[in-house]
Every structure is written in C-alpha cells, then in structure tokens.
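Asker: Can you keep this structure in mind? I'll have questions shortly.
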Protein chains: 2
Amino acid sequence: MGSVLSYSFSYGCGALRRLAARSCIVSPVPSPELKLIAALRQAAGRPSGAKCAGEVLVSIGDDCALLQGGRGNDLLVTTDLTLEGTHFRREWHSASLVGHRSLARGLSDIAAMGGDPTAAFLSLGLPAKIEQRWVSGFLAGFLRLAKRYRVQLAGGDTAESKSGVIANVMVVGRVSHGQAVLRSGARPGDRIYVSGVLGGATAELMSLRAGKRAATGRGSLAEPRLKLGRRLRGLTSSMIDLSDGLSTDLRHICQESGAGAVIIGENVPVAKTATFDLALNGGEDYELLFTAPPHQGIPREVAGVKVTLIGEVIASHEIWLERAGRRRRLDPRGWEHFRKGNR
Amino acid sequence: MGSVLSYSFSYGCGALRRLAARSCIVSPVPSPELKLIAALRQAAGRPSGAKCAGEVLVSIGDDCALLQGGRGNDLLVTTDLTLEGTHFRREWHSASLVGHRSLARGLSDIAAMGGDPTAAFLSLGLPAKIEQRWVSGFLAGFLRLAKRYRVQLAGGDTAESKSGVIANVMVVGRVSHGQAVLRSGARPGDRIYVSGVLGGATAELMSLRAGKRAATGRGSLAEPRLKLGRRLRGLTSSMIDLSDGLSTDLRHICQESGAGAVIIGENVPVAKTATFDLALNGGEDYELLFTAPPHQGIPREVAGVKVTLIGEVIASHEIWLERAGRRRRLDPRGWEHFRKGNR
C-alpha cells in the first residue's frame, strides 16, 4: 500500500473527487484523464435537494458522500478500490495487511467527516490460482478491523479476476444531521492542525522497495482515526484524512473552502523513520488534517492522539511553506512526487 | 455480462450471497471457494437489530442489504463487480453497453426488492493505454441509464488497472419501511411468476461467440424492471431478479423461504432467439421472478411488461420441472452449465 506504488500511475490512487480536484492543479495531466474527470464532474452535477431517505445531500468533493438519513442522522458513503500492483504487492505486503488496509481506507474517510461506520460491502476479484491461505489472511485482516469498530459486513460481490487481486470496499456510516465536518468550512484566520506524525507509511514502503525489512511504524497497520474524528466534530471548521499526502490534501481543503494557507515547516510532525519531504508529500498516513477557529481551544492530545498546530488559513488562493526563515510555494506533490522510476 | 463468460469461472459472477447459497448445492465446488464462502457467511453473522440510520436490518441473503433509513423509509444497498474478460469482452461488447450493464445490474437488484434507486457510486479501474473513446462510451452508457432513473452519481474511486477494465458499481435505494420484498416470503401454495421472456441474453452472447452479429433482444440493453418491481410490491410474497438463470435464482427463493417448487415447462416464456434450455439456465436476463398468494390476482401484464404464471411453491425442499407429462428434478445449472469449454 502506499504512495510509492499508488502515485506512479496515470489515474492515481485517490478517490474520484480527489482526482477531480487534482486535475485543476497538477500539470501536465494527460488529456484522457482530464476528459474523464471533466465528464464525471459535469455528469454528476450538484444534488438538487434531498427530501427522502437515501437521496444525495453532498456528492463528489468530500471524503464521503452525504445522503439523507433519518432519525436525526445523515448517512455517509465512501468507496475505495484497492488493486494489486497499484496499491500493494503480494511479495511486499502480507494478506492480512492488505485486508486491513482495504477497509481502513474507507473507515478513515468516515473519520474525516466525524462519523461512525455502520456497514461495509466487499467486492472481491480473485485470480483462479490464488492460495487459499492468502484469501483467509486477507479476510482475517479485514474482519478483525471490522469487528473492532462494530462494522457489519453486509454484502458484496465476487468474481474471478484475470490478473491480480481486486478489492472494492464501500463503507456506510452515520453522523448527526448537519454535523458532518466538510472540507469546505475553513475560513481565513482558522488554525491548521494535524494528528500523529507524517511520512512513516511512505518511508516504510521505500524500505520495502529497497529490499529492507519493513520499518515499524503506523504505516504497517494504520488505525483509522475514528475516535479522534468524533471528538473533533463540533470543534473544527473543516477536515480531511491524509491519504494523498499533506501537500495535496491541504490543497483540497483550500480549494473547497476558497482559501489559502501558510504552513510552518518547523512545526510539521515528521515520523522518526521519515524525512521532512516525505512528511509533506508521502501518502497513506491516514492521519486527520483539520482547521479550527482561533478562539477554539484544541488540546495537544485528543482521544489519545497527538495533535499539532502547523499553520493558518489565509485569505488568498496560495499555499505557502515557511521554513528556516524563508517562504516558498507549497506545491501539491503528493501525487506526482514518486511518479517516475517506480514502475 | 453474459453467462457464457461469467459462469465459466471458479468464483462465478453472482453476488456474494448467491455464491454463498450456491455453494450448498453445486458440486463439486473447489475447496478454496467453499472455504471463502463459509468464512464470509460466518463472519458476516446476523444483524443484531438496527436502531440508528445506516445500521443493518438484512444482510447477505437477498438482492440488496437493507439498512435502517428514516422518514418512513428503509435503505437498500447493492454492489456489483464487472470485470473485463469475466463479464464482458471489449471486442464483443460496445463501451456504452458495458457502462449500461454495470449500472443496470445494481438497478435490477433494487427493482427485485420493490425499491427506488437514489444514488450510485462508481469505482473504475482502467488500463493505462485504454482509448479515450472507450471511456467516454462507457460513461455515456452509464450516465444515460442513471439519468433515466434519476440516479445521482454521488462518488467513486479511480485507479489504474494492470490488466483489463474493472467497474464496481454500488447503488443505494429506498423503500417504504417494512415494505421491501425479500426472497424469504414464499409459502406453499403461492403461485410463481416471471416477467418478460427468458434466455435471450445468453442466446445473444452465444451468437457473439460464434462470430455472428448480436441477436436483437433484451439482451443488448436490458432495462431494469424498476417500475414493475414497484408495482408488484405489496402483491408479492417473495421476489428476485434473474441474473444467474431461472433454475439457479428459483433455488435462492426456495432456500431462503424453506420451500420447494414445481415449474410447468410449457409455461416458461422462451425468447424467440433462445432455446428452452437457455430459458431455464441462461443468465443476465434481468427479469423478475416472484411469488404471490393464490388469492392475489396478478394481471397478465404489469407496468407494460408481460407476466407469466409458471408454477407453484410446494411444502418440500425439492424443485421439480414438469414437461410433456414427465416430472424431473430441476437442478440449478445457471452457474455450471456453460462452465466447460468457454475459456
């Protein structure tokens, strides 16, 4: 799992909405992808006001889609495609880790909206000759995580895959009506915070690529920050999970909020195994990046997780990095940073 | 798409629940699949009673999972994986047909519960070198159908696929609370009905395999029977959509209802292009198979679609076919019928 692999392809690894947002800022993006994205954004359109259960309140443009629920709740829906060769390699990643990660990605999206997961759906494409042991390991990792967060496996689909393993995981969750934390709520003057430490997942993947043993870090079995997300709901003005890398995911918040940002480089919490560059641009850390008004007291630890103040939202469309007394533009390199030489 | 392709693989094409049910009856099923299915059924368990929006009411064992909604509605969720080489071939099937079918499969599941679709989520894995024209065609077919039924494309995911096209489509729908038509409601004495004509989709696929031009039939662009499903809600005791073939899907109803059935062969509506055998065992017709109490008047045409009385539910666990004065066991051959010689 991890960005060294997943960022090296034309269509990227991120959710549709991320890819859509990204298309505006990363250049050059090959023409076919731009067309695909443009077609999808245009076609999806904007929800026209939900009145009945299951109708769409918020669609492409956030960590989850928000649907009309009931009994005081809105519904959250997110879907993530995990592909062998693109998101993991069987020779690098254990089966249970792949199972864990394929569900953790969705749970992390629910966390980023401040919600609680309720149900998961697993579509599994398997090569005909895959070892039963691998399949059992995958399911063990998936189901262990589901059980921990009381997520019911409610259905799915199976098919034989002509090539590698394919796992599409859809997670449904709930959040009190109107309480979902969107990406679009950041306002100039808001403080920018991040949970945990960054860059560890990518550092681990680079070790694996180099033939070394996996570094021990959050990268191996990232826990979705569900408890943290719930605790932050009501305190924050915007939130996103760090799947594509700080430099890219911060841009998503800024774009959806129509704002800019200044990040203080010295404040960015770098994982012991990582470099500053990986903390900025590495993906798959599954920490939470969020903003809160200046008057809102945010403790240095929330739900047992370290929270660090790393910058401020500003009234422009620029994103700046201040470090060692110098200010430079912070480009979204989470996607294309590892693009070359990794195939 | 098409049973000739999709039934020829170890994991089959059906939804998880179908595969799970099937494992009890089709023999020999290779051991790994049995283990996978057993693990999933056991792990999924039974819902423990939903109280909040998004919690699971009915999980594996029906066309859709049923989740707690609100405002007088329950939510329906279904997910279908469509794989190149397994469910379609680019040289046989047009891009727009593949897009149409990948969504139609989910809409058909919603129809079989008597529900209304509200939102769809598309996870798309594409080869790096795929033609933009193909992608545009796929989306055109998908979005045309979505628009026709007012289904909002609410999100998704994209990734590069190392081999063929991968499309996972999840559809959310709603149905009035407690009104979803399940597979489990058939009772001895109930009449068995089917909509439309059967076998056409498989006949068409066989023509394509033989290098002939596609037969014109419902197989090419099957319309999900949404209007029919809604109209039948309240009249029927059980319902399923015909994706795996009559002989297999009837067994799902019988198994979930704890009953048996007698089918009158002469009454089975065979498509002009198909044989009786294909009508019994061919898949992907996306018609509705349902049961209703004997006192319930079911017109011969509902919502503009022909409806045919084909048999009766009986108080045993056997399924019989009566034809030309003889009675024989109707084995579920939808899955393995085309298994050999199609790779």
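Ordering of the structure tokens sets the chain letters (A, B, ...); residue numbers start at 1 within each chain; ligands are numbered from 1 in the order shown.
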Tell me which protein, DNA and RNA residues are within 8 Å of segment 105-120 of chain A, counting only C-alpha atoms, leaving out same-chain ones fewer than 5 positions away, and put them as a VMD selection string.

Answerer: (chain A and resid 63 to 64 76 to 80 149 to 155 169 to 175 179 to 182 224 to 233 239 to 241 286 288) or (chain B and resid 54 to 56)

Asker: Those residues you just picked out, can you put them in a file as a short mmCIF file (atom, residue, chain, number, x, y, z; two decimals), in the first residue's frame with C-alpha atoms?

Answerer:
```cif
data_model
loop_
_atom_site.label_atom_id
_atom_site.label_comp_id
_atom_site.auth_asym_id
_atom_site.auth_seq_id
_atom_site.Cartn_x
_atom_site.Cartn_y
_atom_site.Cartn_z
CA ASP A 63 -14.25 12.40 1.87
CA CYS A 64 -17.69 10.80 1.79
CA LEU A 76 -22.06 8.79 4.91
CA VAL A 77 -20.97 6.64 1.98
CA THR A 78 -17.44 6.11 0.69
CA THR A 79 -15.91 3.63 -1.72
CA ASP A 80 -12.27 2.67 -2.33
CA TYR A 149 -15.26 -0.87 15.02
CA ARG A 150 -18.52 -2.85 15.02
CA VAL A 151 -18.86 -2.60 11.27
CA GLN A 152 -21.20 -5.24 9.83
CA LEU A 153 -20.13 -6.94 6.60
CA ALA A 154 -23.50 -6.55 4.89
CA GLY A 155 -22.90 -7.83 1.38
CA VAL A 169 -14.74 -1.68 -0.25
CA MET A 170 -17.72 0.52 0.37
CA VAL A 171 -18.37 1.81 3.87
CA VAL A 172 -21.64 3.29 5.13
CA GLY A 173 -21.68 5.43 8.26
CA ARG A 174 -23.82 7.93 10.08
CA VAL A 175 -23.40 11.34 11.63
CA GLN A 179 -22.92 17.75 11.91
CA ALA A 180 -20.69 16.18 9.25
CA VAL A 181 -17.36 18.02 9.01
CA LEU A 182 -16.86 19.03 5.38
CA PRO A 224 -8.45 4.80 11.24
CA ARG A 225 -8.80 7.87 13.46
CA LEU A 226 -12.47 7.28 14.20
CA LYS A 227 -12.47 8.24 17.87
CA LEU A 228 -10.43 11.35 17.12
CA GLY A 229 -12.77 12.34 14.29
CA ARG A 230 -15.82 12.05 16.52
CA ARG A 231 -14.18 14.07 19.30
CA LEU A 232 -13.20 16.82 16.86
CA ARG A 233 -16.69 17.14 15.41
CA MET A 239 -11.39 18.19 7.98
CA ILE A 240 -9.84 15.65 5.59
CA ASP A 241 -7.88 12.43 6.02
CA TYR A 286 -4.39 8.18 7.38
CA LEU A 288 -6.52 13.78 10.13
CA GLY B 54 -27.28 3.22 8.45
CA GLU B 55 -27.40 0.13 10.66
CA VAL B 56 -28.08 -3.23 9.04
#
```

Asker: Could you tell me, as a ChimeraX atom specification, which residues of segment 47-296 of chain A DSSP assigns to helix (DSSP H, G or I) when given the backbone?

Answerer: /A:95-112,132-148,200-209,226-232,246-257,265-267,276-281

Asker: For Ala95 of chain A, find every residue with an atom within 12 Å (counting only C-alpha atoms), except residues of its own chain fewer than 5 positions away, and show them as a ChimeraX atom specification.

Answerer: /A:1,84,88-90,100-102,130-142,165,221

Asker: Please determine, counting only C-alpha atoms, which residue among B:Leu126, B:Ala104, B:Leu97, B:Ala201 has the shortest atom-to-atom distance to chain A.

Answerer: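 Checking each of B:Leu126, B:Ala104, B:Leu97, B:Ala201 against chain A, counting only C-alpha atoms, the winner is B:Leu126.
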
Asker: Just the strand (DSSP E or B) stuff from segment 203-313 of chain A, please, per backbone DSSP, written as JSON, numbers by chain.

Answerer: {"A": [238, 239, 240, 241, 260, 261, 262, 263, 264, 270, 288, 289, 290, 291, 292, 301, 302, 305, 306, 307, 308, 309, 310, 311, 312, 313]}

Asker: When you count only C-alpha atoms, which of these residues is closest to Glu266 of chain A: A:Leu208, A:Ala315, A:Leu321, A:Cys52?

Answerer: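 Once distances to Glu266 of chain A are computed over only C-alpha atoms, the minimum belongs to A:Leu321.
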